[in-house]
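Here is the structure we will look at, set down as structure tokens.
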There are 2 protein chains.
Amino acid sequence: MAEPSDTPDSAPRLRIRLSYGDGQVMGPGKAELMEGIARTGSISAAGRAMGMSYKRAWQLVDTMNSMFANPLVSSSRGGAKGGGAHLTEAGEEVLAAYRALEEASRTAGAPALARLAALRSDMSDGK
Amino acid sequence: MAEPSDTPDSAPRLRIRLSYGDGQVMGPGKAELMEGIARTGSISAAGRAMGMSYKRAWQLVDTMNSMFANPLVSSSRGGAKGGGAHLTEAGEEVLAAYRALEEASRTAGAPALARLAALRSDMSDGK
DNA sequence: TTTCGTTATGTTTGCCGAAATATAACGTGG
DNA sequence: CCACGTTATATTTCGGCAAACATAACGAAA
């Protein structure tokens, strides 16, 4: 029989960053930003939704675009609504792969995470 | 210059951090420091090996010790060799669990990582 | 041609975390 | 008891990164 109550000890957030050489890093922030862009069709709106300045959001986009073979975000300025941005096919693929990596890690790492959770809350039972 | 040799393009460094509430974070830095302590029997020596000040190393140890039910590092001062430190049983368990988490993620995430690698190097396969 | 919201980019300011610096306690062995 | 190397901790200094501020270009529609 399993534990009647799973530890309310807020599950830790598992953050995965992959760093290539230089300052090229893909992590949770860029992934969330990409989702925001896909949802809103705008870099600034996506940034606002995350509570970051447009400049910062744009910088992240710029970095992302330069660290893959093809740009992940395509943008245009001017026009009826001022402009906009959307994920390229490469962008959608990168986002999907990153989310898949997260999910696979969370699943495969579940036992290890459980052991760590046990070590956080008092462990009175042996190993 | 504790920078490990930059990983080849096909193998980015996979960094996993688990953040519990507050500022409590377990990541690659603390794990490496724990290994250094286990190896050298000293906080300061472990810190030196990583190119960090004793103070910073001690701060990390202090944080680690306070974020689990039991301290991960036990230390003593004075004595023949001035003092020393070693991993507690809890420390060894945490370290092992963290390494297991890393390994499981790397293995389970291999397909996703491969997809990302393909998107980094130019793939001019039309679609 | 004016308006509007966005993309795009430069410059300055400010702040926080890390480093540097200083000091104390400790305890075994010579 | 003194020296040594370490743990332990407070205070100050400093650099880098992010926020804040500023400005320009753009293009469709009114």
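Residue names in the structure tokens use chain letters A, B, ... in the order shown, residue numbers from 1 in each chain, and ligand numbers from 1 in the order shown.
All C-alpha atoms of chain B, paired in order with those of chain A and superposed by least squares, deviate by 6.2 Å RMSD.
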I want to know what sits within 9 Å of region 5-14 of chain C, based on only C-alpha atoms (C1' of nucleotides), with residues of the same chain fewer than 6 positions away left out; could you give that as a CSV table (one decimal) with all heavy atoms, in the first residue's frame?
chain,number,residue,atom,x,y,z
A,42,SER,N,3.4,38.0,-30.8
A,42,SER,CA,4.2,39.2,-30.5
A,42,SER,C,5.3,39.0,-29.5
A,42,SER,O,5.1,38.4,-28.5
A,42,SER,CB,3.2,40.3,-30.1
A,42,SER,OG,3.9,41.3,-29.3
A,43,ILE,N,6.5,39.5,-29.8
A,43,ILE,CA,7.6,39.4,-28.9
A,43,ILE,C,7.3,40.3,-27.6
A,43,ILE,O,7.5,39.8,-26.5
A,43,ILE,CB,8.9,39.9,-29.5
A,43,ILE,CG1,9.3,39.0,-30.6
A,43,ILE,CG2,10.0,40.0,-28.5
A,43,ILE,CD1,10.5,39.5,-31.4
A,44,SER,N,6.8,41.5,-27.8
A,44,SER,CA,6.5,42.3,-26.7
A,44,SER,C,5.4,41.8,-25.8
A,44,SER,O,5.5,41.9,-24.6
A,44,SER,CB,6.2,43.8,-27.2
A,44,SER,OG,5.0,43.8,-27.8
A,55,LYS,N,12.9,44.7,-24.4
A,55,LYS,CA,14.3,44.6,-24.8
A,55,LYS,C,14.9,43.3,-24.4
A,55,LYS,O,15.6,42.6,-25.2
A,55,LYS,CB,15.2,45.7,-24.2
A,55,LYS,CG,16.7,45.5,-24.4
A,55,LYS,CD,17.4,46.7,-24.5
A,55,LYS,CE,18.8,46.4,-25.0
A,55,LYS,NZ,19.6,47.7,-25.2
A,58,TRP,N,13.5,40.6,-26.6
A,58,TRP,CA,14.1,40.6,-27.9
A,58,TRP,C,15.5,40.0,-27.9
A,58,TRP,O,15.9,39.3,-28.8
A,58,TRP,CB,14.1,42.0,-28.5
A,58,TRP,CG,14.7,42.1,-29.8
A,58,TRP,CD1,14.1,41.9,-31.0
A,58,TRP,CD2,16.1,42.3,-30.2
A,58,TRP,NE1,14.9,41.9,-32.1
A,58,TRP,CE2,16.2,42.2,-31.6
A,58,TRP,CE3,17.2,42.5,-29.4
A,58,TRP,CZ2,17.4,42.3,-32.2
A,58,TRP,CZ3,18.4,42.7,-30.1
A,58,TRP,CH2,18.5,42.6,-31.5
A,75,SER,N,10.1,37.6,-37.4
A,75,SER,CA,9.4,38.8,-37.0
A,75,SER,C,9.2,39.8,-38.2
A,75,SER,O,10.0,39.8,-39.1
A,75,SER,CB,10.1,39.5,-35.8
A,75,SER,OG,11.4,39.8,-36.2
A,76,SER,N,8.2,40.6,-38.1
A,76,SER,CA,8.1,41.7,-39.1
A,76,SER,C,7.6,42.9,-38.4
A,76,SER,O,6.9,42.9,-37.4
A,76,SER,CB,7.1,41.2,-40.1
A,76,SER,OG,5.8,41.0,-39.5
A,77,ARG,N,8.0,44.0,-38.9
A,77,ARG,CA,7.6,45.3,-38.2
A,77,ARG,C,6.8,46.1,-39.2
A,77,ARG,O,6.8,46.0,-40.4
A,77,ARG,CB,8.8,46.0,-37.7
A,77,ARG,CG,9.8,46.4,-38.7
A,77,ARG,CD,10.9,47.2,-38.0
A,77,ARG,NE,12.1,47.4,-38.9
A,77,ARG,CZ,13.2,48.0,-38.5
A,77,ARG,NH1,13.4,48.4,-37.3
A,77,ARG,NH2,14.2,48.1,-39.4
A,78,GLY,N,6.1,47.1,-38.6
A,78,GLY,CA,5.2,47.9,-39.4
A,78,GLY,C,3.9,47.2,-39.7
A,78,GLY,O,3.6,46.1,-39.2
A,79,GLY,N,3.1,47.9,-40.4
A,79,GLY,CA,1.8,47.3,-40.8
A,79,GLY,C,0.7,47.6,-39.9
A,79,GLY,O,0.8,48.5,-39.0
A,80,ALA,N,-0.4,47.0,-40.2
A,80,ALA,CA,-1.7,47.4,-39.5
A,80,ALA,C,-1.6,47.4,-38.0
A,80,ALA,O,-1.9,48.3,-37.3
A,80,ALA,CB,-2.8,46.5,-40.0
A,81,LYS,N,-1.1,46.3,-37.5
A,81,LYS,CA,-1.0,46.1,-36.0
A,81,LYS,C,0.5,46.4,-35.5
A,81,LYS,O,0.8,45.9,-34.5
A,81,LYS,CB,-1.5,44.7,-35.6
A,81,LYS,CG,-2.8,44.3,-36.3
A,81,LYS,CD,-3.3,43.1,-35.8
A,81,LYS,CE,-4.0,43.3,-34.4
A,81,LYS,NZ,-4.7,42.2,-33.9
A,82,GLY,N,1.2,47.1,-36.3
A,82,GLY,CA,2.6,47.4,-35.9
A,82,GLY,C,3.6,46.4,-36.2
A,82,GLY,O,4.8,46.7,-36.4
A,83,GLY,N,3.2,45.2,-36.3
A,83,GLY,CA,4.2,44.1,-36.6
A,83,GLY,C,3.8,42.9,-35.9
A,83,GLY,O,2.7,42.8,-35.3
A,84,GLY,N,4.7,42.0,-35.8
A,84,GLY,CA,4.4,40.7,-35.1
A,84,GLY,C,5.5,39.7,-35.2
A,84,GLY,O,6.6,40.0,-35.8
A,85,ALA,N,5.4,38.6,-34.6
A,85,ALA,CA,6.4,37.6,-34.6
A,85,ALA,C,5.7,36.2,-34.5
A,85,ALA,O,4.6,36.1,-33.9
A,85,ALA,CB,7.4,37.8,-33.5
D,19,DA,P,15.7,42.4,-15.9
D,19,DA,OP1,14.9,41.5,-15.1
D,19,DA,OP2,15.8,42.3,-17.4
D,19,DA,O5',15.2,43.9,-15.5
D,19,DA,C5',15.5,44.4,-14.2
D,19,DA,C4',15.6,45.9,-14.3
D,19,DA,O4',16.8,46.2,-15.0
D,19,DA,C3',14.5,46.6,-15.0
D,19,DA,O3',13.9,47.5,-14.1
D,19,DA,C2',15.1,47.2,-16.2
D,19,DA,C1',16.6,47.4,-15.8
D,19,DA,N9,17.6,47.4,-16.9
D,19,DA,C8,17.8,46.3,-17.8
D,19,DA,N7,18.7,46.6,-18.6
D,19,DA,C5,19.2,47.9,-18.3
D,19,DA,C6,20.2,48.7,-18.8
D,19,DA,N6,20.9,48.4,-19.9
D,19,DA,N1,20.4,49.9,-18.2
D,19,DA,C2,19.6,50.2,-17.2
D,19,DA,N3,18.6,49.5,-16.6
D,19,DA,C4,18.5,48.3,-17.2
D,20,DA,P,12.6,48.4,-14.5
D,20,DA,OP1,11.9,48.7,-13.3
D,20,DA,OP2,12.0,47.7,-15.6
D,20,DA,O5',13.3,49.7,-15.1
D,20,DA,C5',14.3,50.3,-14.3
D,20,DA,C4',14.8,51.6,-15.0
D,20,DA,O4',15.8,51.3,-16.0
D,20,DA,C3',13.7,52.4,-15.7
D,20,DA,O3',13.8,53.8,-15.4
D,20,DA,C2',13.9,52.1,-17.2
D,20,DA,C1',15.5,51.9,-17.2
D,20,DA,N9,16.0,51.1,-18.3
D,20,DA,C8,15.5,49.9,-18.7
D,20,DA,N7,16.2,49.3,-19.7
D,20,DA,C5,17.2,50.2,-19.9
D,20,DA,C6,18.2,50.3,-20.9
D,20,DA,N6,18.4,49.3,-21.7
D,20,DA,N1,19.0,51.3,-20.9
D,20,DA,C2,18.8,52.3,-20.0
D,20,DA,N3,17.9,52.4,-19.1
D,20,DA,C4,17.1,51.3,-19.1
D,21,DC,P,12.7,54.8,-15.8
D,21,DC,OP1,12.6,55.8,-14.8
D,21,DC,OP2,11.5,54.1,-16.3
D,21,DC,O5',13.4,55.5,-17.1
D,21,DC,C5',14.7,55.9,-17.0
D,21,DC,C4',15.3,56.3,-18.4
D,21,DC,O4',15.7,55.1,-19.1
D,21,DC,C3',14.3,57.0,-19.3
D,21,DC,O3',14.8,58.3,-19.7
D,21,DC,C2',14.1,56.1,-20.5
D,21,DC,C1',15.4,55.4,-20.5
D,21,DC,N1,15.5,54.0,-21.2
D,21,DC,C2,16.5,53.8,-22.1
D,21,DC,O2,17.4,54.6,-22.2
D,21,DC,N3,16.5,52.6,-22.7
D,21,DC,C4,15.5,51.7,-22.5
D,21,DC,N4,15.6,50.5,-23.1
D,21,DC,C5,14.5,51.9,-21.6
D,21,DC,C6,14.5,53.1,-21.0
D,22,DA,P,13.9,59.3,-20.6
D,22,DA,OP1,14.3,60.6,-20.2
D,22,DA,OP2,12.5,58.8,-20.6
D,22,DA,O5',14.5,59.0,-22.1
D,22,DA,C5',16.0,59.0,-22.2
D,22,DA,C4',16.3,58.7,-23.7
D,22,DA,O4',16.3,57.3,-23.9
D,22,DA,C3',15.3,59.3,-24.7
D,22,DA,O3',16.1,60.0,-25.7
D,22,DA,C2',14.6,58.1,-25.3
D,22,DA,C1',15.7,57.0,-25.2
D,22,DA,N9,15.1,55.7,-25.1
D,22,DA,C8,14.1,55.2,-24.4
D,22,DA,N7,13.8,53.9,-24.6
D,22,DA,C5,14.7,53.5,-25.6
D,22,DA,C6,14.9,52.3,-26.2
D,22,DA,N6,14.2,51.2,-26.0
D,22,DA,N1,15.9,52.3,-27.2
D,22,DA,C2,16.6,53.4,-27.4
D,22,DA,N3,16.5,54.6,-26.8
D,22,DA,C4,15.5,54.6,-25.9
D,23,DT,P,15.2,61.0,-26.7
D,23,DT,OP1,15.9,62.3,-26.8
D,23,DT,OP2,13.8,60.9,-26.4
D,23,DT,O5',15.5,60.2,-28.1
D,23,DT,C5',16.5,59.3,-28.2
D,23,DT,C4',16.5,58.5,-29.5
D,23,DT,O4',16.1,57.2,-29.3
D,23,DT,C3',15.5,59.1,-30.6
D,23,DT,O3',16.2,59.0,-31.9
D,23,DT,C2',14.4,58.1,-30.5
D,23,DT,C1',15.1,56.8,-30.2
D,23,DT,N1,14.2,55.8,-29.6
D,23,DT,C2,14.4,54.4,-30.0
D,23,DT,O2,15.2,54.1,-30.8
D,23,DT,N3,13.5,53.6,-29.3
D,23,DT,C4,12.6,53.8,-28.4
D,23,DT,O4,11.9,53.0,-27.9
D,23,DT,C5,12.5,55.2,-28.0
D,23,DT,C7,11.5,55.7,-27.0
D,23,DT,C6,13.3,56.1,-28.6
D,24,DA,P,15.7,59.9,-33.1
D,24,DA,OP1,16.7,60.9,-33.4
D,24,DA,OP2,14.3,60.3,-32.8
D,24,DA,O5',15.7,58.8,-34.2
D,24,DA,C5',16.7,57.9,-34.3
D,24,DA,C4',16.2,56.6,-35.0
D,24,DA,O4',15.5,55.8,-34.1
D,24,DA,C3',15.3,56.9,-36.2
D,24,DA,O3',15.8,56.2,-37.3
D,24,DA,C2',14.0,56.3,-35.7
D,24,DA,C1',14.4,55.2,-34.8
D,24,DA,N9,13.4,54.9,-33.8
D,24,DA,C8,12.8,55.7,-32.9
D,24,DA,N7,11.9,55.0,-32.1
D,24,DA,C5,11.9,53.7,-32.6
D,24,DA,C6,11.3,52.6,-32.2
D,24,DA,N6,10.3,52.5,-31.2
D,24,DA,N1,11.6,51.4,-32.8
D,24,DA,C2,12.5,51.4,-33.8
D,24,DA,N3,13.2,52.5,-34.3
D,24,DA,C4,12.9,53.6,-33.6
D,25,DA,P,15.4,56.6,-38.7
D,25,DA,OP1,16.6,56.9,-39.4
D,25,DA,OP2,14.3,57.6,-38.7
D,25,DA,O5',14.8,55.2,-39.3
D,25,DA,C5',15.5,54.0,-39.0
D,25,DA,C4',14.6,52.8,-39.2
D,25,DA,O4',13.7,52.7,-38.1
D,25,DA,C3',13.7,53.0,-40.5
D,25,DA,O3',13.7,51.8,-41.2
D,25,DA,C2',12.3,53.3,-39.9
D,25,DA,C1',12.4,52.5,-38.5
D,25,DA,N9,11.5,53.0,-37.5
D,25,DA,C8,11.4,54.3,-37.1
D,25,DA,N7,10.5,54.5,-36.1
D,25,DA,C5,10.0,53.2,-35.8
D,25,DA,C6,9.1,52.7,-34.9
D,25,DA,N6,8.4,53.5,-34.0
D,25,DA,N1,8.9,51.4,-34.9
D,25,DA,C2,9.5,50.6,-35.8
D,25,DA,N3,10.4,51.0,-36.7
D,25,DA,C4,10.6,52.3,-36.7
D,26,DC,P,13.2,51.8,-42.7
D,26,DC,OP1,14.2,51.1,-43.5
D,26,DC,OP2,12.7,53.2,-43.1
D,26,DC,O5',11.9,50.9,-42.7
D,26,DC,C5',11.8,49.8,-41.7
D,26,DC,C4',10.4,49.5,-41.4
D,26,DC,O4',10.0,50.3,-40.3
D,26,DC,C3',9.4,49.8,-42.5
D,26,DC,O3',8.9,48.6,-43.0
D,26,DC,C2',8.3,50.6,-41.9
D,26,DC,C1',8.6,50.4,-40.4
D,26,DC,N1,8.1,51.5,-39.5
D,26,DC,C2,7.2,51.2,-38.4
D,26,DC,O2,6.8,50.0,-38.3
D,26,DC,N3,6.8,52.1,-37.6
D,26,DC,C4,7.2,53.4,-37.7
D,26,DC,N4,6.8,54.3,-36.9
D,26,DC,C5,8.1,53.7,-38.8
D,26,DC,C6,8.5,52.8,-39.6
All strand (DSSP E or B) residues (DSSP, backbone) inside region 6-99 of chain B, as a short mmCIF file (atom, residue, chain, number, x, y, z; two decimals) with N, CA and C atoms, in the first residue's frame:
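Produced file out37.cif, reproduced below:
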data_model
loop_
_atom_site.label_atom_id
_atom_site.label_comp_id
_atom_site.auth_asym_id
_atom_site.auth_seq_id
_atom_site.Cartn_x
_atom_site.Cartn_y
_atom_site.Cartn_z
N ARG B 13 26.54 20.53 -22.65
CA ARG B 13 26.52 20.15 -21.25
C ARG B 13 25.09 20.25 -20.74
N LEU B 14 24.64 19.17 -20.14
CA LEU B 14 23.27 19.12 -19.62
C LEU B 14 23.30 19.46 -18.14
N ARG B 15 22.76 20.59 -17.82
CA ARG B 15 22.78 21.02 -16.43
C ARG B 15 21.40 20.93 -15.82
N ILE B 16 21.34 20.25 -14.71
CA ILE B 16 20.05 20.06 -14.05
C ILE B 16 20.06 20.71 -12.68
N ARG B 17 19.11 21.57 -12.48
CA ARG B 17 18.99 22.22 -11.17
C ARG B 17 17.61 21.94 -10.63
N LEU B 18 17.55 21.58 -9.38
CA LEU B 18 16.23 21.48 -8.80
C LEU B 18 16.07 22.54 -7.75
N SER B 19 15.07 23.37 -7.95
CA SER B 19 14.86 24.47 -7.00
C SER B 19 13.63 24.24 -6.18
N VAL B 25 18.48 25.64 -3.73
CA VAL B 25 18.73 25.07 -5.04
C VAL B 25 19.81 24.00 -4.96
N MET B 26 19.56 22.90 -5.62
CA MET B 26 20.59 21.88 -5.74
C MET B 26 20.97 21.77 -7.20
N VAL B 73 27.27 17.69 5.04
CA VAL B 73 28.71 17.77 5.26
C VAL B 73 28.96 17.98 6.75
N SER B 74 29.85 17.21 7.27
CA SER B 74 30.24 17.35 8.67
C SER B 74 31.65 17.90 8.72
N SER B 75 31.86 18.89 9.56
CA SER B 75 33.19 19.51 9.60
C SER B 75 33.67 19.67 11.03
N SER B 76 34.96 19.74 11.17
CA SER B 76 35.56 19.97 12.49
C SER B 76 36.75 20.90 12.32
N ARG B 77 36.96 21.71 13.32
CA ARG B 77 38.08 22.64 13.20
C ARG B 77 39.10 22.38 14.30
N GLY B 83 41.87 20.95 10.82
CA GLY B 83 40.45 20.61 10.76
C GLY B 83 40.16 19.81 9.52
N GLY B 84 38.91 19.71 9.17
CA GLY B 84 38.56 18.95 7.99
C GLY B 84 37.06 18.81 7.85
N ALA B 85 36.67 18.19 6.78
CA ALA B 85 35.26 17.99 6.51
C ALA B 85 35.06 16.72 5.71
N HIS B 86 33.91 16.13 5.85
CA HIS B 86 33.60 14.93 5.07
C HIS B 86 32.10 14.83 4.86
N LEU B 87 31.72 14.02 3.91
CA LEU B 87 30.31 13.84 3.64
C LEU B 87 29.68 12.95 4.70
#
Chain C residues within 10 Å of chain B, counting only C-alpha atoms (C1' of nucleotides): which ones, as a VMD selection string? chain C and resid 18 to 20 25 to 29
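With CA of Leu33 (chain A) on one side and CA of Thr88 (chain A) on the other, the separation reads 13.8 Å.
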Determine, using only C-alpha atoms, which residues of chain B have any atom at most 7 Å from an atom of chain A, and tabulate each with its shortest atom pair and distance in Å to one decimal place, rows ordered by chain and then rising number, as a Markdown table.
| residue | atom | partner | partner_atom | distance |
| --- | --- | --- | --- | --- |
| B:Asp6 | CA | A:Gly21 | CA | 6.0 |
| B:Pro12 | CA | A:Tyr20 | CA | 4.9 |
| B:Arg13 | CA | A:Ser19 | CA | 5.3 |
| B:Leu14 | CA | A:Leu18 | CA | 4.7 |
| B:Arg15 | CA | A:Arg17 | CA | 5.2 |
| B:Ile16 | CA | A:Ile16 | CA | 4.8 |
| B:Arg17 | CA | A:Arg15 | CA | 5.2 |
| B:Leu18 | CA | A:Leu14 | CA | 4.7 |
| B:Ser19 | CA | A:Arg13 | CA | 5.3 |
| B:Tyr20 | CA | A:Pro12 | CA | 4.6 |
| B:Met67 | CA | A:Arg120 | CA | 6.9 |
| B:Phe68 | CA | A:Arg120 | CA | 4.3 |
| B:Ala69 | CA | A:Asp122 | CA | 5.0 |
| B:Val94 | CA | A:Leu116 | CA | 6.3 |
| B:Ala97 | CA | A:Ala112 | CA | 5.1 |
| B:Tyr98 | CA | A:Ala112 | CA | 6.9 |
| B:Ala100 | CA | A:Ala112 | CA | 6.3 |
| B:Leu101 | CA | A:Gly109 | CA | 4.9 |
| B:Ala104 | CA | A:Ala108 | CA | 5.6 |
| B:Ser105 | CA | A:Ser105 | CA | 4.2 |
| B:Ala108 | CA | A:Ala104 | CA | 5.6 |
| B:Gly109 | CA | A:Leu101 | CA | 4.9 |
| B:Ala112 | CA | A:Ala97 | CA | 5.1 |
| B:Arg115 | CA | A:Ala97 | CA | 6.6 |
| B:Leu116 | CA | A:Val94 | CA | 6.3 |
| B:Leu119 | CA | A:Phe68 | CA | 6.1 |
| B:Arg120 | CA | A:Phe68 | CA | 4.3 |
| B:Ser121 | CA | A:Ala69 | CA | 5.7 |
| B:Asp122 | CA | A:Ala69 | CA | 4.8 |
Contact table chain D vs chain B, cut-off 7 Å, shortest pair per residue, only C-alpha atoms (C1' of nucleotides), as JSON lines:
{"residue": "D:DG5", "atom": "C1'", "partner": "B:Gly82", "partner_atom": "CA", "distance": 4.3}
{"residue": "D:DT6", "atom": "C1'", "partner": "B:Gly82", "partner_atom": "CA", "distance": 4.1}
{"residue": "D:DT7", "atom": "C1'", "partner": "B:Arg77", "partner_atom": "CA", "distance": 5.0}
If you keep N, CA, C and O atoms (P, O5', C5', C4', C3', O3' and C1' of nucleotides), can you produce a file of those selected residues as a CSV table (one decimal), in the first residue's frame?
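result.csv written:
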chain,number,residue,atom,x,y,z
D,5,DG,P,50.8,25.4,7.7
D,5,DG,O5',49.3,24.9,7.3
D,5,DG,C5',49.0,23.6,7.7
D,5,DG,C4',47.5,23.5,7.9
D,5,DG,C3',46.6,24.2,6.8
D,5,DG,O3',45.6,23.3,6.4
D,5,DG,C1',46.0,25.0,8.9
D,6,DT,P,44.8,23.5,5.0
D,6,DT,O5',43.3,23.5,5.5
D,6,DT,C5',42.8,22.5,6.5
D,6,DT,C4',41.9,23.1,7.5
D,6,DT,C3',40.7,23.8,6.9
D,6,DT,O3',39.6,23.0,6.7
D,6,DT,C1',41.5,24.8,8.9
D,7,DT,P,38.3,23.5,6.0
D,7,DT,O5',37.4,24.0,7.3
D,7,DT,C5',37.0,23.1,8.3
D,7,DT,C4',36.4,23.8,9.5
D,7,DT,C3',35.1,24.5,9.1
D,7,DT,O3',34.2,24.4,10.2
D,7,DT,C1',36.6,26.1,9.9
If you measure from C1' of DC16 (chain C) to CA of Gln59 (chain B), what distance in Å do you get, rounded to one decimal? 16.7 Å
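If you look at CA of Gly36 (chain B) and C1' of DT23 (chain C), they are 26.6 Å away from each other.
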Which polymer residues have any atom within 12 Å of an atom of DT21 (chain C), counting only C-alpha atoms (C1' of nucleotides), with same-chain residues fewer than 3 positions away left out, as a list in words? Lys55 of chain B; DA10, DT11, DT12 and DT13 of chain D
Residue set, region 4-98 of chain B restricted to helix (DSSP H, G or I), as a ChimeraX atom specification: /B:28-40,43-49,54-67,89-98
